[in-house]
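K.L.:
My questions all concern the structure below.
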Amino acid sequence: MTEELRKIQAASGAVFADSDSGIQVPMSYGNDQGAIAEAERAVALFDRSDWGLIQVSGGDRLRFLHNQSTNEFQKLQPGQGSDTVFVTSTARTIDLATAYMTEDTTLLLVSPSRRQRIMEWLDRYLFPSDRVELEDITESMAIFNLIGPGSLALLAPWGVAGDRPHASHQILTLGEIQVRVAVGSGLALPGYTLICDR
């Protein structure tokens with residue numbers, strides 16, 4: 001999918017650059033002011049595939065994440081999510097992340113420049129007896145944001161409701177692709193985060 005998507009983006013005028021995570025991403029289409037206006041007025045699509053996506057699994061994952069960040073993970077249920085801050089032992093911020101709870105994993109959406117640091121930092125606090133597994137699944141996943149007040153209208157035909165809390169999510173089948181659709185655009189504008197296999 002990535003190569004096909006990059007061809008479509010290039011044909012649309014994308015200018016690419018390496019992100020902090022080393023993935024080529026479109027930095028501009030030469031219409032930045034128009035894109036901002038559309039995001040505020042209707043809807044814009046943003047390729048966020050260079051952001052880190054860490055999968056945390058195992059029976060102790062909620063307790064482990066609860067102890068490593070500022071959120072109360074043990075209260076979250078599958079289909080819920082939340083923003084959380086990973087901090088050092090001296091309360092310095094490592095990264096602001098969004099966590100999505102599934103039946104047997106927690107997905108952490110982290111900043112592109114922090115993905116390796118978060119993986120190393122979490123791994124450092126794992127004990128041999130902890131039932132926790134960490135996996136960086138960034139390279140195998142694609143992440144997009146629909147940003148703007150028109151984003152709900154695009155997703156409503158697939159059963160997305162507008163009254164769900166921030167970071168709540170569900171799996172939808174769009175065409176032949178299963179997509180995790182989460183409430184929140186990552187900005188102070190309405191929207192959704194879409195996560196799927198590349």
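Labels for the structure tokens follow display order: chains A, B, ..., residues from 1 in each chain, ligands from 1.
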Can you list, as a PyMOL selection string, all residues belonging to region 113-181 of chain A that DSSP tags as strand (DSSP E or B)?
P.N.:
chain A and resi 133-136+141-147+169-174+177-181
K.L.:
For the selection you just gave me, I'd like the residues written to a file as a short mmCIF file (atom, residue, chain, number, x, y, z; two decimals), in the first residue's frame, keeping N, CA and C atoms.
P.N.:
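Wrote selection-v1.cif, looks like this:
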data_model
loop_
_atom_site.label_atom_id
_atom_site.label_comp_id
_atom_site.auth_asym_id
_atom_site.auth_seq_id
_atom_site.Cartn_x
_atom_site.Cartn_y
_atom_site.Cartn_z
N GLU A 133 4.75 -7.78 26.89
CA GLU A 133 5.55 -7.83 25.67
C GLU A 133 5.39 -6.51 24.94
N LEU A 134 6.50 -5.98 24.46
CA LEU A 134 6.52 -4.73 23.71
C LEU A 134 6.89 -5.01 22.26
N GLU A 135 6.17 -4.38 21.33
CA GLU A 135 6.49 -4.54 19.91
C GLU A 135 6.23 -3.23 19.19
N ASP A 136 7.24 -2.77 18.47
CA ASP A 136 7.09 -1.58 17.64
C ASP A 136 6.49 -2.03 16.31
N MET A 141 2.04 -0.62 9.93
CA MET A 141 0.74 0.04 10.05
C MET A 141 0.74 1.39 9.34
N ALA A 142 -0.45 1.84 8.98
CA ALA A 142 -0.65 3.17 8.41
C ALA A 142 -1.58 3.93 9.34
N ILE A 143 -1.30 5.21 9.52
CA ILE A 143 -2.10 6.05 10.41
C ILE A 143 -2.47 7.32 9.66
N PHE A 144 -3.75 7.65 9.68
CA PHE A 144 -4.24 8.87 9.04
C PHE A 144 -5.15 9.61 10.01
N ASN A 145 -5.28 10.90 9.81
CA ASN A 145 -6.26 11.68 10.55
C ASN A 145 -7.20 12.35 9.57
N LEU A 146 -8.50 12.23 9.88
CA LEU A 146 -9.50 13.07 9.24
C LEU A 146 -9.68 14.24 10.19
N ILE A 147 -9.47 15.45 9.70
CA ILE A 147 -9.50 16.63 10.56
C ILE A 147 -10.55 17.60 10.04
N HIS A 169 -12.73 3.93 20.39
CA HIS A 169 -12.43 3.44 19.05
C HIS A 169 -13.21 2.17 18.76
N GLN A 170 -13.31 1.88 17.47
CA GLN A 170 -14.00 0.69 17.00
C GLN A 170 -13.36 0.23 15.71
N ILE A 171 -13.53 -1.04 15.39
CA ILE A 171 -13.03 -1.59 14.13
C ILE A 171 -14.15 -1.53 13.10
N LEU A 172 -13.85 -0.94 11.95
CA LEU A 172 -14.79 -0.87 10.84
C LEU A 172 -14.15 -1.52 9.62
N THR A 173 -14.97 -2.00 8.71
CA THR A 173 -14.46 -2.50 7.44
C THR A 173 -14.82 -1.48 6.38
N LEU A 174 -13.80 -0.83 5.84
CA LEU A 174 -13.97 0.17 4.78
C LEU A 174 -13.46 -0.48 3.49
N ILE A 177 -10.74 -3.32 3.79
CA ILE A 177 -9.71 -3.05 4.79
C ILE A 177 -10.34 -2.86 6.16
N GLN A 178 -9.81 -3.56 7.16
CA GLN A 178 -10.24 -3.32 8.53
C GLN A 178 -9.48 -2.13 9.07
N VAL A 179 -10.22 -1.17 9.62
CA VAL A 179 -9.64 0.08 10.10
C VAL A 179 -10.11 0.32 11.53
N ARG A 180 -9.15 0.64 12.40
CA ARG A 180 -9.50 1.08 13.75
C ARG A 180 -9.76 2.58 13.65
N VAL A 181 -10.98 2.99 13.98
CA VAL A 181 -11.38 4.39 13.90
C VAL A 181 -11.53 4.92 15.32
#
K.L.:
At a cut-off of 9 Å, using only C-alpha atoms, what residues contact Met101 (chain A)? Leave out same-chain residues fewer than 5 positions from it and give the result as a PyMOL selection string.
P.N.:
chain A and resi 73+76-82+106-107+168-169
K.L.:
Please identify all polymer residues within 9 Å of region 152-157 of chain A, counting only C-alpha atoms, omitting same-chain residues fewer than 5 positions from it, and present them as a list in words.
P.N.:
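The contact residues come out as Val43, Leu146, Gly162, Pro190, Gly191 and Tyr192 of chain A.
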K.L.:
Give me, as a list in words, the residues of region 47-132 of chain A that a backbone DSSP run labels alpha helix (DSSP H).
P.N.:
Arg61, Leu62, Arg63, Phe64, Leu65, His66, Asn67, Gln68, Arg115, Gln116, Arg117, Ile118, Met119, Glu120, Trp121, Leu122, Asp123 and Arg124 of chain A
K.L.:
Using only C-alpha atoms, find the one residue out of A:Phe64, A:Glu3, A:Val110, A:Arg131 that sits nearest to Thr84 (chain A).
P.N.:
A:Val110
K.L.:
Between A:Leu189, A:Asp18, A:Ala167, A:Ser57, which is the closest to Asp83 (chain A) once you count only C-alpha atoms?
P.N.:
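Nearest candidate to Asp83 (chain A) out of A:Leu189, A:Asp18, A:Ala167, A:Ser57: A:Ala167.
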K.L.:
Give me, as a list of chain:residue names, all polymer residues having an atom no more than 12 Å from Thr93 (chain A), counting only C-alpha atoms and skipping those fewer than 6 positions away in the same chain.
P.N.:
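Close residues of Thr93 (chain A): A:Gln68, A:Ser69, A:Thr70, A:Thr84, A:Val85, A:Phe86, A:Val87, A:Arg114, A:Arg117, A:Ile118.
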K.L.:
Calculate how many Å separate CA of Ala161 (chain A) from CA of Ile36 (chain A), rounding to one decimal.
P.N.:
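It comes out at 24.7 Å.
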K.L.:
With distances taken over only C-alpha atoms, which residue among A:Val25, A:Ile54, A:Ala42, A:Leu96 lies nearest Arg115 (chain A)?
P.N.:
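Comparing A:Val25, A:Ile54, A:Ala42, A:Leu96 against Arg115 (chain A), the winner is A:Ile54.
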K.L.:
Could you check how far CA of Trp121 (chain A) sits from CA of Asp95 (chain A), in Å to one decimal?
P.N.:
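CA of Trp121 (chain A) sits 11.2 Å away from CA of Asp95 (chain A).
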